Each structure stands twice: as C-alpha cells, then as structure tokens.
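input.pdb (PDB, C-alpha atoms)
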```
ATOM      1  CA  MET A   1      38.962 -34.889 -23.841
ATOM      2  CA  VAL A   2      41.373 -34.575 -20.921
ATOM      3  CA  HIS A   3      45.095 -33.837 -21.108
ATOM      4  CA  GLN A   4      47.069 -34.791 -18.021
ATOM      5  CA  ALA A   5      50.739 -35.654 -17.573
ATOM      6  CA  GLY A   6      51.303 -36.417 -21.235
ATOM      7  CA  VAL A   7      48.215 -38.609 -21.591
ATOM      8  CA  LEU A   8      45.265 -37.710 -23.771
ATOM      9  CA  CYS A   9      42.237 -39.791 -23.077
ATOM     10  CA  CYS A  10      38.784 -39.836 -24.419
ATOM     11  CA  ASP A  11      35.483 -41.204 -23.168
ATOM     12  CA  SER A  12      36.013 -44.810 -22.112
ATOM     13  CA  ASN A  13      33.185 -45.804 -24.465
ATOM     14  CA  GLN A  14      35.348 -44.751 -27.423
ATOM     15  CA  GLY A  15      38.083 -47.122 -26.278
ATOM     16  CA  TRP A  16      41.322 -45.299 -27.034
ATOM     17  CA  ILE A  17      44.069 -43.679 -25.025
ATOM     18  CA  MET A  18      46.790 -41.494 -26.496
ATOM     19  CA  ALA A  19      50.032 -40.681 -24.703
ATOM     20  CA  THR A  20      52.538 -38.009 -25.692
ATOM     21  CA  MET A  21      56.088 -39.252 -25.250
ATOM     22  CA  TYR A  22      59.292 -37.210 -25.411
ATOM     23  CA  PHE A  23      62.588 -38.546 -26.755
ATOM     24  CA  VAL A  24      66.216 -37.494 -27.265
ATOM     25  CA  GLN A  25      68.532 -39.251 -29.694
ATOM     26  CA  GLY A  26      72.140 -38.477 -30.454
ATOM     27  CA  PHE A  27      74.275 -39.593 -33.397
ATOM     28  CA  ARG A  28      78.008 -40.254 -33.516
ATOM     29  CA  ALA A  29      80.182 -40.248 -36.628
ATOM     30  CA  LYS A  30      81.489 -43.684 -37.530
ATOM     31  CA  GLY A  31      83.493 -43.244 -40.703
ATOM     32  CA  ARG A  32      81.106 -41.675 -43.193
ATOM     33  CA  LYS A  33      78.028 -43.000 -41.425
ATOM     34  CA  LEU A  34      76.100 -41.761 -38.423
ATOM     35  CA  GLN A  35      75.711 -44.287 -35.617
ATOM     36  CA  PRO A  36      72.490 -43.651 -33.629
ATOM     37  CA  ASP A  37      72.472 -43.709 -29.843
ATOM     38  CA  GLN A  38      69.657 -45.535 -28.101
ATOM     39  CA  PRO A  39      66.789 -43.015 -27.787
ATOM     40  CA  GLN A  40      66.313 -41.670 -24.263
ATOM     41  CA  THR A  41      62.891 -40.788 -22.878
ATOM     42  CA  ALA A  42      62.109 -37.575 -21.035
ATOM     43  CA  LYS A  43      59.134 -36.594 -18.889
ATOM     44  CA  THR A  44      58.476 -33.243 -20.597
ATOM     45  CA  ALA A  45      59.342 -31.360 -23.760
ATOM     46  CA  GLU A  46      61.494 -29.002 -21.689
ATOM     47  CA  ALA A  47      63.442 -31.923 -20.189
ATOM     48  CA  ALA A  48      63.992 -33.436 -23.647
ATOM     49  CA  ILE A  49      65.335 -30.139 -24.978
ATOM     50  CA  ALA A  50      67.596 -29.669 -21.934
ATOM     51  CA  THR A  51      69.021 -33.184 -22.360
ATOM     52  CA  ALA A  52      69.604 -32.619 -26.084
ATOM     53  CA  GLU A  53      71.380 -29.323 -25.387
ATOM     54  CA  ARG A  54      73.541 -31.014 -22.741
ATOM     55  CA  ILE A  55      74.718 -33.872 -24.986
ATOM     56  CA  ALA A  56      75.010 -31.838 -28.217
ATOM     57  CA  PRO A  57      78.682 -30.870 -27.713
ATOM     58  CA  SER A  58      79.700 -34.546 -27.518
ATOM     59  CA  ARG A  59      77.689 -35.757 -30.534
ATOM     60  CA  THR A  60      77.864 -35.229 -34.281
ATOM     61  CA  GLY A  61      74.124 -34.555 -34.171
ATOM     62  CA  VAL A  62      71.218 -34.724 -31.749
ATOM     63  CA  TRP A  63      67.493 -34.224 -31.887
ATOM     64  CA  ALA A  64      64.684 -34.046 -29.350
ATOM     65  CA  TYR A  65      61.172 -34.922 -30.467
ATOM     66  CA  SER A  66      57.736 -35.867 -29.256
ATOM     67  CA  ALA A  67      55.323 -38.431 -30.599
ATOM     68  CA  ASP A  68      51.728 -39.297 -29.804
ATOM     69  CA  ILE A  69      51.249 -42.984 -29.110
ATOM     70  CA  ASP A  70      48.037 -44.963 -29.309
ATOM     71  CA  VAL A  71      48.550 -47.072 -26.208
ATOM     72  CA  GLU A  72      46.061 -49.786 -27.111
ATOM     73  CA  ALA A  73      47.231 -50.248 -30.717
ATOM     74  CA  ASP A  74      50.909 -49.573 -29.863
ATOM     75  CA  THR A  75      51.243 -47.211 -32.840
ATOM     76  CA  TYR A  76      53.223 -43.978 -33.040
ATOM     77  CA  ASP A  77      52.278 -40.808 -34.918
ATOM     78  CA  GLU A  78      54.920 -38.901 -36.869
ATOM     79  CA  PRO A  79      57.522 -37.325 -34.584
ATOM     80  CA  ARG A  80      57.343 -33.576 -33.916
ATOM     81  CA  LEU A  81      60.706 -31.816 -33.758
ATOM     82  CA  LEU A  82      61.499 -30.002 -30.517
ATOM     83  CA  PHE A  83      65.244 -29.373 -30.989
ATOM     84  CA  LYS A  84      68.046 -30.282 -33.372
ATOM     85  CA  SER A  85      71.762 -29.629 -33.517
ATOM     86  CA  GLY A  86      74.582 -30.737 -35.772
ATOM     87  CA  THR A  87      74.343 -33.314 -38.538
ATOM     88  CA  LEU A  88      71.403 -35.718 -38.630
ATOM     89  CA  PRO A  89      70.629 -38.563 -41.043
ATOM     90  CA  PRO A  90      68.995 -37.397 -44.294
ATOM     91  CA  GLY A  91      65.219 -37.045 -43.994
ATOM     92  CA  LEU A  92      65.247 -36.966 -40.197
ATOM     93  CA  ALA A  93      63.792 -33.834 -38.626
ATOM     94  CA  ASP A  94      63.203 -32.055 -41.959
TER
END
```
Translate this file's structure into structure tokens.
Amino acid sequence: MVHQAGVLCCDSNQGWIMATMYFVQGFRAKGRKLQPDQPQTAKTAEAAIATAERIAPSRTGVWAYSADIDVEADTYDEPRLLFKSGTLPPGLAD
C-alpha cells in the first residue's frame, strides 16, 4: 500500500483507490438554529486547522475534519475531527 499526497492506493488488481480529503466548515447563528457554511477543502490537515483557526472568531462554531473517500464507489468514511471551536450542531464532532 502506498500513501502519497493524500491518496492511498492498493494493487491495481484489487481495484480500489482511497483518498484522504480535508475539510473546514463554519456555522453561523440564525435565530436559534445554526446555519452551515459551504464546506471548504484544504490540501493538508495542517491547512484545514489553520483555516478553521482563522475563521473561528467570525463564526458561532467551526470544525476541521478529514475523511477517507473510496474514489471508485464515491463513498465517504466517518469524518475524523482535527479541530473544533465554539458551538456545533448536536452530534457533530462528538
């Protein structure tokens, strides 16, 4: 198995390719609800954390996370928390 630039790949005979993606998503208060921002992608975990830290003061809540993606099946594994700040929707990043 080889890990390069966020992509895990296996022997081509096994037929699958996994990519690790990094995301940042902020939330803004709208009344009593949290309005999610469009998730942003980042190239590395460090870049996702830096972006989350930068936008945290202007958001009610923010989280940075990674997820492994099966490129061929277009399926995502459970997100892995990298950073969180403020108030997030219940059940997110627990």
Explicit residue set for the PyMOL selection byres ((chain A and resi 48-50) around 8), as a PDB file with C-alpha atoms, keeping the file's coordinate frame:
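As a result, expr15.pdb now contains:
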```pdb
ATOM      1  CA  TYR A  22      59.292 -37.210 -25.411  1.00  0.00           C
ATOM      2  CA  PHE A  23      62.588 -38.546 -26.755  1.00  0.00           C
ATOM      3  CA  VAL A  24      66.216 -37.494 -27.265  1.00  0.00           C
ATOM      4  CA  THR A  41      62.891 -40.788 -22.878  1.00  0.00           C
ATOM      5  CA  ALA A  42      62.109 -37.575 -21.035  1.00  0.00           C
ATOM      6  CA  LYS A  43      59.134 -36.594 -18.889  1.00  0.00           C
ATOM      7  CA  THR A  44      58.476 -33.243 -20.597  1.00  0.00           C
ATOM      8  CA  ALA A  45      59.342 -31.360 -23.760  1.00  0.00           C
ATOM      9  CA  GLU A  46      61.494 -29.002 -21.689  1.00  0.00           C
ATOM     10  CA  ALA A  47      63.442 -31.923 -20.189  1.00  0.00           C
ATOM     11  CA  THR A  51      69.021 -33.184 -22.360  1.00  0.00           C
ATOM     12  CA  ALA A  52      69.604 -32.619 -26.084  1.00  0.00           C
ATOM     13  CA  GLU A  53      71.380 -29.323 -25.387  1.00  0.00           C
ATOM     14  CA  ARG A  54      73.541 -31.014 -22.741  1.00  0.00           C
ATOM     15  CA  ALA A  64      64.684 -34.046 -29.350  1.00  0.00           C
ATOM     16  CA  TYR A  65      61.172 -34.922 -30.467  1.00  0.00           C
ATOM     17  CA  LEU A  82      61.499 -30.002 -30.517  1.00  0.00           C
ATOM     18  CA  PHE A  83      65.244 -29.373 -30.989  1.00  0.00           C
TER      19      PHE A  83
END
```
Residues near A:Thr87, anyone? I mean within 12 Å using only C-alpha atoms, not counting same-chain ones fewer than 4 positions away, as a list of chain:residue names. A:Gly26, A:Phe27, A:Arg28, A:Ala29, A:Arg32, A:Lys33, A:Leu34, A:Gln35, A:Pro36, A:Ala56, A:Pro57, A:Arg59, A:Thr60, A:Gly61, A:Val62, A:Trp63, A:Gly91, A:Leu92, A:Ala93, A:Asp94
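Picked by the PyMOL selection byres ((chain A and resi 73) around 12) from the coordinates shown: Gly15, Trp16, Ile17, Met18, Ala19, Asp68, Ile69, Asp70, Val71, Glu72, Asp74, Thr75, Tyr76 and Asp77 of chain A.
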What are the centre and edge lengths in Å, to one decimal, of the axis-aligned box around all listed atoms of stretch 45-62 of chain A with 3 Å added on each side, as lines of an AutoDock Vina configuration file?
```
center_x = 69.5
center_y = -32.4
center_z = -27.2
size_x = 26.4
size_y = 12.8
size_z = 20.1
```
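Here atom CA of A:Arg80 stands at a distance of 19.5 Å from atom CA of A:Ile55.
The interatomic distance for the pair atom CA of A:Pro79 and atom CA of A:Lys30 works out to 25.0 Å.
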